[in-house]
$ cat entry-v8.tsv   # TSV, C-alpha atoms and all ligand atoms
chain	number	residue	atom	x	y	z
A	3	MET	CA	-13.99	23.66	-21.37
A	4	ALA	CA	-11.56	22.24	-18.84
A	5	GLN	CA	-12.88	19.29	-16.88
A	6	ALA	CA	-13.44	19.96	-13.19
A	7	LEU	CA	-10.82	18.27	-11.03
A	8	PRO	CA	-12.12	15.39	-8.94
A	9	SER	CA	-12.94	16.36	-5.37
A	10	ALA	CA	-10.19	16.73	-2.79
A	11	ALA	CA	-12.47	15.17	-0.18
A	12	TYR	CA	-11.36	11.79	-1.42
A	13	THR	CA	-7.83	11.00	-2.51
A	14	GLY	CA	-6.89	7.39	-3.06
A	15	ARG	CA	-3.81	5.67	-4.40
A	16	PHE	CA	-2.46	2.50	-5.90
A	17	ALA	CA	1.08	1.84	-4.72
A	18	PRO	CA	2.63	-1.16	-6.48
A	19	THR	CA	6.13	-2.39	-5.79
A	20	PRO	CA	7.65	-2.77	-9.27
A	21	SER	CA	9.00	-6.26	-8.69
A	22	GLY	CA	7.26	-7.40	-11.89
A	23	PRO	CA	4.17	-6.67	-13.99
A	24	LEU	CA	0.68	-6.71	-12.48
A	25	HIS	CA	-0.86	-10.17	-12.16
A	26	ALA	CA	-4.36	-11.36	-11.30
A	27	GLY	CA	-3.77	-10.69	-7.59
A	28	SER	CA	-2.39	-7.16	-7.85
A	29	LEU	CA	-5.00	-6.27	-10.48
A	30	ILE	CA	-7.72	-6.93	-7.89
A	31	THR	CA	-6.15	-4.37	-5.59
A	32	ALA	CA	-5.70	-1.85	-8.42
A	33	LEU	CA	-9.31	-2.30	-9.53
A	34	ALA	CA	-10.72	-1.99	-6.01
A	35	SER	CA	-8.77	1.18	-5.27
A	36	TYR	CA	-9.64	2.68	-8.66
A	37	LEU	CA	-13.37	1.94	-8.27
A	38	ASP	CA	-13.43	3.26	-4.74
A	39	ALA	CA	-11.94	6.56	-5.94
A	40	ARG	CA	-14.32	6.81	-8.91
A	41	ALA	CA	-17.34	5.83	-6.81
A	42	HIS	CA	-16.53	8.73	-4.46
A	43	GLN	CA	-15.72	11.20	-7.23
A	44	GLY	CA	-12.23	11.26	-5.82
A	45	ARG	CA	-8.70	11.53	-7.14
A	46	TRP	CA	-6.63	8.43	-7.78
A	47	HIS	CA	-2.84	8.56	-7.54
A	48	LEU	CA	-0.21	6.12	-8.67
A	49	ARG	CA	2.88	5.66	-6.52
A	50	ILE	CA	5.72	3.39	-7.55
A	51	GLU	CA	7.17	1.90	-4.36
A	52	ASP	CA	10.68	1.27	-5.60
A	53	ILE	CA	12.89	1.87	-2.59
A	54	ASP	CA	13.28	-1.78	-1.69
A	55	THR	CA	15.98	-1.91	-4.37
A	56	PRO	CA	16.85	-5.63	-4.39
A	57	ARG	CA	13.25	-6.51	-5.32
A	58	VAL	CA	12.85	-3.86	-8.02
A	59	VAL	CA	12.84	-5.15	-11.59
A	60	HIS	CA	14.07	-2.69	-14.22
A	61	GLY	CA	11.19	-1.59	-16.47
A	62	ALA	CA	8.45	-3.10	-14.32
A	63	ASP	CA	7.15	0.40	-13.44
A	64	GLN	CA	6.59	1.22	-17.14
A	65	HIS	CA	5.03	-2.18	-17.69
A	66	ILE	CA	2.57	-1.62	-14.81
A	67	MET	CA	1.61	1.80	-16.18
A	68	GLN	CA	0.99	0.32	-19.63
A	69	GLN	CA	-1.17	-2.40	-18.12
A	70	LEU	CA	-3.26	0.12	-16.16
A	71	GLN	CA	-3.72	2.24	-19.27
A	72	ALA	CA	-4.70	-0.76	-21.39
A	73	LEU	CA	-7.34	-1.54	-18.78
A	74	GLU	CA	-8.55	2.08	-18.79
A	75	MET	CA	-7.45	2.89	-15.25
A	76	ARG	CA	-6.22	6.47	-15.38
A	77	TRP	CA	-4.43	8.34	-12.62
A	78	ASP	CA	-5.26	11.97	-11.87
A	79	ALA	CA	-1.77	13.37	-11.24
A	80	PRO	CA	1.74	12.49	-12.41
A	81	PRO	CA	2.91	9.24	-10.73
A	82	ILE	CA	5.55	9.48	-8.02
A	83	TRP	CA	8.56	7.22	-7.51
A	84	GLN	CA	9.72	6.56	-3.96
A	85	SER	CA	13.32	6.30	-5.13
A	86	ARG	CA	13.15	10.05	-5.94
A	87	ARG	CA	11.81	11.00	-2.53
A	88	LEU	CA	14.59	9.84	-0.23
A	89	ARG	CA	15.09	13.31	1.26
A	90	HIS	CA	11.51	13.28	2.53
A	91	TYR	CA	12.08	10.00	4.36
A	92	GLN	CA	15.28	11.42	5.78
A	93	ALA	CA	13.40	14.51	7.02
A	94	ALA	CA	10.68	12.44	8.70
A	95	PHE	CA	13.31	10.25	10.29
A	96	LYS	CA	15.09	13.34	11.59
A	97	GLN	CA	11.85	14.68	13.05
A	98	LEU	CA	11.36	11.42	14.99
A	99	GLU	CA	15.01	11.38	15.98
A	100	GLN	CA	14.73	14.90	17.38
A	101	ALA	CA	11.70	13.77	19.36
A	102	GLY	CA	13.97	11.13	20.93
A	103	SER	CA	12.04	8.22	19.51
A	104	ILE	CA	14.70	6.58	17.32
A	105	TYR	CA	17.48	4.30	18.51
A	106	GLY	CA	20.19	2.29	16.86
A	107	CYS	CA	19.92	-1.48	17.11
A	108	ALA	CA	22.79	-3.94	16.85
A	109	CYS	CA	20.71	-7.14	16.82
A	110	THR	CA	21.13	-9.51	13.91
A	111	ARG	CA	18.12	-11.39	12.64
A	112	ALA	CA	19.63	-14.68	13.77
A	113	GLN	CA	19.92	-13.32	17.31
A	114	LEU	CA	16.24	-12.46	17.66
A	115	PRO	CA	13.50	-14.80	18.83
A	116	PRO	CA	10.39	-14.96	16.59
A	117	GLY	CA	7.64	-12.51	17.57
A	118	PRO	CA	7.79	-8.93	18.83
A	119	TYR	CA	11.15	-7.19	19.11
A	120	PRO	CA	12.09	-7.66	22.78
A	121	GLY	CA	13.71	-4.22	23.10
A	122	ILE	CA	17.28	-5.46	23.57
A	123	CYS	CA	18.88	-2.21	22.31
A	124	ARG	CA	16.19	0.18	23.63
A	125	ASP	CA	18.36	1.50	26.44
A	126	GLY	CA	21.61	1.63	24.49
A	127	LEU	CA	23.95	-0.62	22.58
A	128	ALA	CA	26.12	-3.19	24.27
A	129	ALA	CA	29.80	-2.16	24.50
A	130	GLY	CA	31.73	-2.92	21.34
A	131	THR	CA	28.66	-3.05	19.07
A	132	GLY	CA	27.50	-0.52	16.48
A	133	PRO	CA	24.03	0.15	15.06
A	134	ARG	CA	22.94	-2.07	12.18
A	135	ALA	CA	19.44	-0.65	11.91
A	136	TRP	CA	17.33	2.13	13.41
A	137	ARG	CA	14.13	1.41	15.30
A	138	TRP	CA	11.20	3.55	16.33
A	139	ARG	CA	10.13	3.52	20.01
A	140	VAL	CA	6.52	2.47	19.71
A	141	PRO	CA	4.20	4.27	22.13
A	142	ALA	CA	2.35	2.02	24.58
A	143	GLY	CA	-1.37	1.30	24.23
A	144	ARG	CA	-3.92	-0.24	21.91
A	145	VAL	CA	-4.73	1.11	18.46
A	146	SER	CA	-8.29	0.60	17.24
A	147	PHE	CA	-9.70	1.35	13.82
A	148	GLU	CA	-12.52	0.28	11.56
A	149	ASP	CA	-11.45	-1.30	8.29
A	150	ARG	CA	-14.10	-0.71	5.61
A	151	TRP	CA	-13.90	-4.32	4.45
A	152	ALA	CA	-12.64	-6.29	7.45
A	153	GLY	CA	-14.51	-4.38	10.20
A	154	PRO	CA	-13.27	-3.37	13.66
A	155	GLN	CA	-9.57	-4.02	14.34
A	156	THR	CA	-7.40	-3.56	17.36
A	157	GLN	CA	-3.71	-4.12	17.99
A	158	ASP	CA	-1.31	-3.32	20.79
A	159	VAL	CA	1.65	-2.51	18.58
A	160	ALA	CA	4.15	-2.12	21.44
A	161	GLN	CA	3.22	-5.56	22.79
A	162	GLU	CA	2.50	-7.45	19.58
A	163	VAL	CA	5.10	-5.99	17.20
A	164	GLY	CA	7.51	-4.05	19.37
A	165	ASP	CA	9.79	-1.24	18.21
A	166	PHE	CA	10.06	-1.63	14.46
A	167	ILE	CA	12.75	-0.71	11.94
A	168	LEU	CA	12.56	2.52	9.94
A	169	ARG	CA	16.01	2.33	8.43
A	170	ARG	CA	17.68	-0.92	7.61
A	171	ALA	CA	21.26	-1.98	8.08
A	172	ASP	CA	21.87	-1.45	4.33
A	173	GLY	CA	20.60	2.16	4.63
A	174	VAL	CA	17.28	1.49	2.90
A	175	TRP	CA	14.24	3.28	4.36
A	176	THR	CA	11.62	0.72	5.22
A	177	TYR	CA	8.22	0.39	3.63
A	178	GLN	CA	6.54	1.41	6.93
A	179	LEU	CA	8.29	4.78	7.01
A	180	ALA	CA	8.05	5.55	3.29
A	181	VAL	CA	4.38	4.65	2.97
A	182	VAL	CA	3.41	6.84	5.90
A	183	VAL	CA	5.44	9.81	4.65
A	184	ASP	CA	3.99	9.50	1.14
A	185	ASP	CA	0.38	8.96	2.20
A	186	ALA	CA	0.66	12.13	4.27
A	187	ALA	CA	2.47	14.09	1.53
A	188	GLN	CA	-0.13	13.11	-1.08
A	189	HIS	CA	-2.99	13.83	1.36
A	190	ILE	CA	-4.34	10.34	0.92
A	191	THR	CA	-7.73	10.06	2.62
A	192	HIS	CA	-8.59	6.47	1.62
A	193	ILE	CA	-6.25	3.49	1.36
A	194	VAL	CA	-7.46	0.43	-0.55
A	195	ARG	CA	-4.96	-2.44	-0.70
A	196	GLY	CA	-4.46	-6.15	-0.12
A	197	ALA	CA	-5.33	-7.87	3.16
A	198	ASP	CA	-1.68	-8.82	3.74
A	199	LEU	CA	-1.19	-5.21	4.87
A	200	LEU	CA	-4.03	-5.15	7.39
A	201	ASP	CA	-1.51	-6.14	10.01
A	202	SER	CA	0.68	-3.11	9.18
A	203	THR	CA	-2.14	-0.61	9.57
A	204	ALA	CA	-1.93	-0.04	13.33
A	205	ARG	CA	1.82	0.60	13.00
A	206	GLN	CA	1.16	3.10	10.22
A	207	ILE	CA	-1.55	4.88	12.21
A	208	LEU	CA	0.86	5.39	15.12
A	209	LEU	CA	3.67	6.58	12.90
A	210	THR	CA	1.36	8.94	10.99
A	211	GLN	CA	0.20	10.48	14.26
A	212	ALA	CA	3.78	10.79	15.50
A	213	LEU	CA	4.57	12.78	12.35
A	214	GLY	CA	1.60	15.07	13.00
A	215	ALA	CA	-0.60	13.86	10.12
A	216	LEU	CA	-4.07	12.38	9.96
A	217	PRO	CA	-4.34	8.63	9.20
A	218	ALA	CA	-6.40	7.61	6.16
A	219	LEU	CA	-9.39	5.29	6.27
A	220	THR	CA	-8.55	1.79	5.07
A	221	LEU	CA	-10.19	-0.97	3.07
A	222	HIS	CA	-8.27	-4.23	2.76
A	223	VAL	CA	-9.43	-6.55	0.00
A	224	PRO	CA	-9.01	-10.31	0.41
A	225	LEU	CA	-6.00	-11.82	-1.32
A	226	LEU	CA	-6.27	-14.10	-4.28
A	227	CYS	CA	-4.73	-17.47	-3.47
A	228	ASP	CA	-3.51	-20.20	-5.77
A	229	THR	CA	-4.95	-23.71	-5.59
A	230	GLN	CA	-2.55	-24.55	-2.75
A	231	GLY	CA	-3.78	-21.58	-0.71
A	232	TYR	CA	-0.68	-19.41	-1.19
A	233	LYS	CA	-0.98	-15.70	-1.94
A	234	LEU	CA	-0.80	-15.18	-5.68
A	235	SER	CA	2.37	-13.19	-6.23
A	236	LYS	CA	5.21	-12.47	-8.58
A	237	GLN	CA	7.34	-14.79	-6.45
A	238	ASN	CA	5.14	-17.78	-7.10
A	239	HIS	CA	4.82	-17.06	-10.79
A	240	ALA	CA	1.28	-15.80	-11.18
A	241	PRO	CA	0.34	-15.85	-14.88
A	242	ALA	CA	0.59	-12.61	-16.93
A	243	LEU	CA	-2.55	-10.53	-17.48
A	244	ASP	CA	-4.29	-10.91	-20.82
A	245	LEU	CA	-4.47	-7.37	-22.19
A	246	THR	CA	-5.81	-8.45	-25.56
A	247	HIS	CA	-9.14	-9.11	-23.81
A	248	PRO	CA	-9.34	-6.23	-21.31
A	249	LEU	CA	-13.01	-6.74	-20.48
A	250	GLU	CA	-12.52	-10.41	-19.59
A	251	THR	CA	-9.44	-9.55	-17.53
A	252	LEU	CA	-11.35	-6.88	-15.60
A	253	LEU	CA	-14.36	-9.14	-15.15
A	254	SER	CA	-12.26	-11.89	-13.54
A	255	ALA	CA	-10.85	-9.35	-11.06
A	256	TRP	CA	-14.35	-8.00	-10.47
A	257	ARG	CA	-15.73	-11.49	-9.78
A	258	ALA	CA	-12.81	-12.27	-7.51
A	259	LEU	CA	-13.93	-9.26	-5.44
A	260	GLY	CA	-17.22	-11.08	-4.98
A	261	PHE	CA	-19.36	-9.13	-7.45
A	262	ASP	CA	-21.61	-10.33	-10.22
A	263	ALA	CA	-21.25	-9.12	-13.81
A	264	SER	CA	-23.88	-10.95	-15.81
A	265	GLY	CA	-25.04	-9.01	-18.85
A	266	ILE	CA	-21.93	-6.82	-19.06
A	267	ASN	CA	-20.51	-7.17	-22.57
A	268	THR	CA	-18.43	-4.05	-23.18
A	269	LEU	CA	-15.86	-1.93	-21.36
A	270	GLU	CA	-18.15	1.09	-21.81
A	271	ALA	CA	-20.83	-0.77	-19.87
A	272	PHE	CA	-18.45	-2.24	-17.31
A	273	TRP	CA	-17.08	0.97	-15.80
A	274	PRO	CA	-20.31	2.76	-14.89
A	275	TYR	CA	-21.89	-0.50	-13.75
A	276	ALA	CA	-18.96	-1.53	-11.56
A	277	THR	CA	-18.58	1.99	-10.12
A	278	GLN	CA	-22.23	2.11	-9.15
A	279	GLN	CA	-22.20	-1.43	-7.67
A	280	TRP	CA	-19.08	-0.61	-5.69
A	281	HIS	CA	-20.66	2.56	-4.35
A	282	GLN	CA	-23.68	0.61	-3.16
A	283	ARG	CA	-21.49	-1.82	-1.27
A	284	PHE	CA	-18.97	0.73	0.05
A	285	PRO	CA	-20.84	4.06	0.28
B	301	LIG	N1	3.85	-1.57	-2.30
B	301	LIG	C1	2.97	-2.48	-1.62
B	301	LIG	C2	2.73	-3.71	-2.49
B	301	LIG	O1	2.96	-3.66	-3.69
B	301	LIG	C3	1.64	-1.86	-1.30
B	301	LIG	C4	1.75	-0.83	-0.25
B	301	LIG	C5	0.45	-0.18	0.19
B	301	LIG	O2	-0.54	-0.19	-0.55
B	301	LIG	O3	0.45	0.38	1.28
B	301	LIG	O4	2.31	-4.71	-1.97

$ encode --input "entry-v8.tsv" --output "structure tokens"
Amino acid sequence: MAQALPSAAYTGRFAPTPSGPLHAGSLITALASYLDARAHQGRWHLRIEDIDTPRVVHGADQHIMQQLQALEMRWDAPPIWQSRRLRHYQAAFKQLEQAGSIYGCACTRAQLPPGPYPGICRDGLAAGTGPRAWRWRVPAGRVSFEDRWAGPQTQDVAQEVGDFILRRADGVWTYQLAVVVDDAAQHITHIVRGADLLDSTARQILLTQALGALPALTLHVPLLCDTQGYKLSKQNHAPALDLTHPLETLLSAWRALGFDASGINTLEAFWPYATQQWHQRFP
């Protein structure tokens, strides 16, 4: 008999940038998002965020998929690659452009003070300059939301971030645009990801609403830092995951999320136990 499809009331996703294989830090995010989906009898999607071409490492997407499979994390639909979805970003951009909320910007990075974009090109480009990037006119007002891990959040995006870039000078669609388009297209209801993206959430809520979609709930898990307090990342050479001992690898990620795992000796015992513990903490 065919297995019933997981409920559509919960759709989650893991959206790695394939700039290298998963490491201890990104595994924590993968595990948290996987457990949250399983704990809510939801679907779990895999999205390869490979539009930021200079950072993409050839073959890293396949490597990540093999790692997830070796750790028994299985996605419920075929993965999607952002590099194959450029026309959807173009369409969303056009929709915003037609609403009059996109403008070309000639500012170079060196020209801009640190902090929010001061709106230099908002009312038109200076004579003799051409657009280098395209910004979105951020609507005024505060955005408030409740993060399932970090609690109540509020940000005045117009004041604190300013109009942000949707298309870069080199033609690349930015993460902020692509992630919003894809979360809406995949009907993502729950986003679980690293705390470094908590600060992007208010921007994404505004953009999602501007595109006529419903923002997902979020849960941002704390980042794993190295002994010097830096975010563990591919850039600072986080060690490779040990897939010859999948249980131990999963248990370290599980402990890093602040959970206990005493008495768990097999993968078969780990999954139901961790799913149930997660559900208790994040019902
Ligand atoms: N692609 C991003 C990363 O690997 C994650 C984006 C997201 O989850 O919204 O850090």

$ residues_near_ligand --input "entry-v8.tsv" --ligand "ligand LIG 301 (chain B)" --cutoff "8 Å" --atoms "all atoms listed in the file" --output "PDB file with C-alpha atoms, in the frame of the given file"
ATOM      1  CA  ARG A  15      -3.810   5.670  -4.400  1.00  0.00           C
ATOM      2  CA  PHE A  16      -2.460   2.500  -5.900  1.00  0.00           C
ATOM      3  CA  ALA A  17       1.080   1.840  -4.720  1.00  0.00           C
ATOM      4  CA  PRO A  18       2.630  -1.160  -6.480  1.00  0.00           C
ATOM      5  CA  THR A  19       6.130  -2.390  -5.790  1.00  0.00           C
ATOM      6  CA  PRO A  20       7.650  -2.770  -9.270  1.00  0.00           C
ATOM      7  CA  SER A  28      -2.390  -7.160  -7.850  1.00  0.00           C
ATOM      8  CA  ILE A  50       5.720   3.390  -7.550  1.00  0.00           C
ATOM      9  CA  GLU A  51       7.170   1.900  -4.360  1.00  0.00           C
ATOM     10  CA  TYR A 177       8.220   0.390   3.630  1.00  0.00           C
ATOM     11  CA  VAL A 181       4.380   4.650   2.970  1.00  0.00           C
ATOM     12  CA  ILE A 193      -6.250   3.490   1.360  1.00  0.00           C
ATOM     13  CA  VAL A 194      -7.460   0.430  -0.550  1.00  0.00           C
ATOM     14  CA  ARG A 195      -4.960  -2.440  -0.700  1.00  0.00           C
ATOM     15  CA  GLY A 196      -4.460  -6.150  -0.120  1.00  0.00           C
ATOM     16  CA  LEU A 199      -1.190  -5.210   4.870  1.00  0.00           C
TER      17      LEU A 199
END

$ residues_around --input "entry-v8.tsv" --residues "Trp138 (chain A)" --least-positions-apart "6" --cutoff "7 Å" --atoms "only C-alpha atoms" --output "NGL selection string"
:A and (103-105 or 165-168)

$ residues_around --input "entry-v8.tsv" --residues "Ala171 (chain A)" --least-positions-apart "4" --cutoff "10 Å" --atoms "only C-alpha atoms" --output "short mmCIF file (atom, residue, chain, number, x, y, z; two decimals) with C-alpha atoms, keeping the file's coordinate frame"
data_model
loop_
_atom_site.label_atom_id
_atom_site.label_comp_id
_atom_site.auth_asym_id
_atom_site.auth_seq_id
_atom_site.Cartn_x
_atom_site.Cartn_y
_atom_site.Cartn_z
CA GLY A 106 20.19 2.29 16.86
CA CYS A 107 19.92 -1.48 17.11
CA ALA A 108 22.79 -3.94 16.85
CA THR A 110 21.13 -9.51 13.91
CA PRO A 133 24.03 0.15 15.06
CA ARG A 134 22.94 -2.07 12.18
CA ALA A 135 19.44 -0.65 11.91
CA TRP A 136 17.33 2.13 13.41
CA ILE A 167 12.75 -0.71 11.94
CA TRP A 175 14.24 3.28 4.36
#

$ residues_around --input "entry-v8.tsv" --residues "Ala187 (chain A)" --least-positions-apart "3" --cutoff "12 Å" --atoms "all atoms listed in the file" --output "ChimeraX atom specification"
/A:13,47,49,82,84,87,90-91,94,180-184,190-191,210,213-218

$ closest_residue --input "entry-v8.tsv" --among "A:Leu98, A:Cys123, A:Ala212, A:Leu70" --to "Thr31 (chain A)" --atoms "all atoms listed in the file"
A:Leu70

$ decode --input "entry-v8.tsv" --residues "region 136-240 of chain A" --atoms "C-alpha atoms" --output "CSV table (one decimal), in the first residue's frame"
chain,number,residue,atom,x,y,z
A,136,TRP,CA,18.4,47.4,-8.5
A,137,ARG,CA,16.9,48.2,-5.1
A,138,TRP,CA,13.5,47.6,-3.6
A,139,ARG,CA,11.7,50.6,-2.0
A,140,VAL,CA,11.1,49.3,1.5
A,141,PRO,CA,7.7,50.3,2.9
A,142,ALA,CA,7.8,52.4,6.1
A,143,GLY,CA,6.9,51.0,9.5
A,144,ARG,CA,7.9,48.4,12.0
A,145,VAL,CA,7.8,44.6,11.4
A,146,SER,CA,7.1,42.4,14.4
A,147,PHE,CA,7.1,38.6,14.5
A,148,GLU,CA,7.6,35.9,17.0
A,149,ASP,CA,10.6,33.6,16.4
A,150,ARG,CA,9.9,30.1,17.8
A,151,TRP,CA,13.4,30.0,19.3
A,152,ALA,CA,14.5,33.6,19.8
A,153,GLY,CA,11.1,35.0,20.9
A,154,PRO,CA,9.5,38.4,19.9
A,155,GLN,CA,11.4,40.4,17.3
A,156,THR,CA,10.8,43.8,15.8
A,157,GLN,CA,12.7,45.8,13.2
A,158,ASP,CA,12.0,48.9,11.3
A,159,VAL,CA,13.5,47.8,8.0
A,160,ALA,CA,13.2,51.1,6.2
A,161,GLN,CA,15.1,52.8,9.0
A,162,GLU,CA,17.5,50.1,10.0
A,163,VAL,CA,18.3,48.5,6.7
A,164,GLY,CA,17.0,50.8,4.0
A,165,ASP,CA,16.1,49.9,0.5
A,166,PHE,CA,17.9,46.7,-0.2
A,167,ILE,CA,19.3,45.1,-3.4
A,168,LEU,CA,17.3,42.5,-5.3
A,169,ARG,CA,19.5,42.3,-8.4
A,170,ARG,CA,23.2,42.9,-8.2
A,171,ALA,CA,25.5,44.8,-10.5
A,172,ASP,CA,26.7,41.5,-12.0
A,173,GLY,CA,23.1,40.5,-12.8
A,174,VAL,CA,22.8,37.9,-10.0
A,175,TRP,CA,19.5,37.8,-8.1
A,176,THR,CA,20.1,38.3,-4.4
A,177,TYR,CA,19.5,35.7,-1.7
A,178,GLN,CA,16.7,37.9,-0.3
A,179,LEU,CA,14.7,37.8,-3.5
A,180,ALA,CA,15.3,34.2,-4.4
A,181,VAL,CA,14.6,32.8,-0.9
A,182,VAL,CA,11.3,34.7,-0.7
A,183,VAL,CA,10.2,33.5,-4.2
A,184,ASP,CA,11.1,29.9,-3.4
A,185,ASP,CA,9.6,29.8,0.0
A,186,ALA,CA,6.3,31.0,-1.5
A,187,ALA,CA,6.5,28.7,-4.5
A,188,GLN,CA,7.2,25.7,-2.3
A,189,HIS,CA,4.4,26.7,0.1
A,190,ILE,CA,6.9,26.7,3.0
A,191,THR,CA,5.0,27.1,6.3
A,192,HIS,CA,7.9,26.7,8.7
A,193,ILE,CA,11.5,28.0,8.3
A,194,VAL,CA,14.2,26.5,10.5
A,195,ARG,CA,17.7,27.9,9.9
A,196,GLY,CA,20.7,29.5,11.6
A,197,ALA,CA,20.5,32.6,13.8
A,198,ASP,CA,22.7,34.6,11.3
A,199,LEU,CA,19.5,34.9,9.2
A,200,LEU,CA,17.3,36.2,12.0
A,201,ASP,CA,18.2,39.7,10.9
A,202,SER,CA,17.0,39.0,7.4
A,203,THR,CA,13.6,37.8,8.5
A,204,ALA,CA,11.8,41.2,8.7
A,205,ARG,CA,13.1,42.0,5.2
A,206,GLN,CA,11.7,38.7,3.9
A,207,ILE,CA,8.4,39.2,5.6
A,208,LEU,CA,7.9,42.5,3.8
A,209,LEU,CA,9.0,41.2,0.5
A,210,THR,CA,6.8,38.1,0.8
A,211,GLN,CA,3.8,40.3,1.6
A,212,ALA,CA,4.6,42.6,-1.3
A,213,LEU,CA,4.5,39.6,-3.6
A,214,GLY,CA,1.1,38.6,-2.2
A,215,ALA,CA,2.2,35.5,-0.3
A,216,LEU,CA,1.9,34.5,3.4
A,217,PRO,CA,5.2,34.6,5.4
A,218,ALA,CA,6.3,31.4,7.1
A,219,LEU,CA,6.8,31.0,10.8
A,220,THR,CA,10.5,31.0,11.7
A,221,LEU,CA,12.8,29.2,14.2
A,222,HIS,CA,16.4,30.3,14.2
A,223,VAL,CA,18.8,28.0,15.9
A,224,PRO,CA,21.9,29.3,17.6
A,225,LEU,CA,25.1,29.1,15.6
A,226,LEU,CA,28.0,26.9,16.5
A,227,CYS,CA,31.1,28.9,17.1
A,228,ASP,CA,34.7,27.9,17.1
A,229,THR,CA,36.9,28.4,20.2
A,230,GLN,CA,37.6,32.0,19.1
A,231,GLY,CA,33.9,32.7,19.0
A,232,TYR,CA,33.6,32.8,15.2
A,233,LYS,CA,30.7,31.2,13.3
A,234,LEU,CA,31.8,27.7,12.2
A,235,SER,CA,31.7,27.9,8.5
A,236,LYS,CA,33.2,26.5,5.3
A,237,GLN,CA,35.3,29.7,5.1
A,238,ASN,CA,37.0,29.1,8.4
A,239,HIS,CA,37.7,25.4,7.6
A,240,ALA,CA,35.2,23.6,9.8
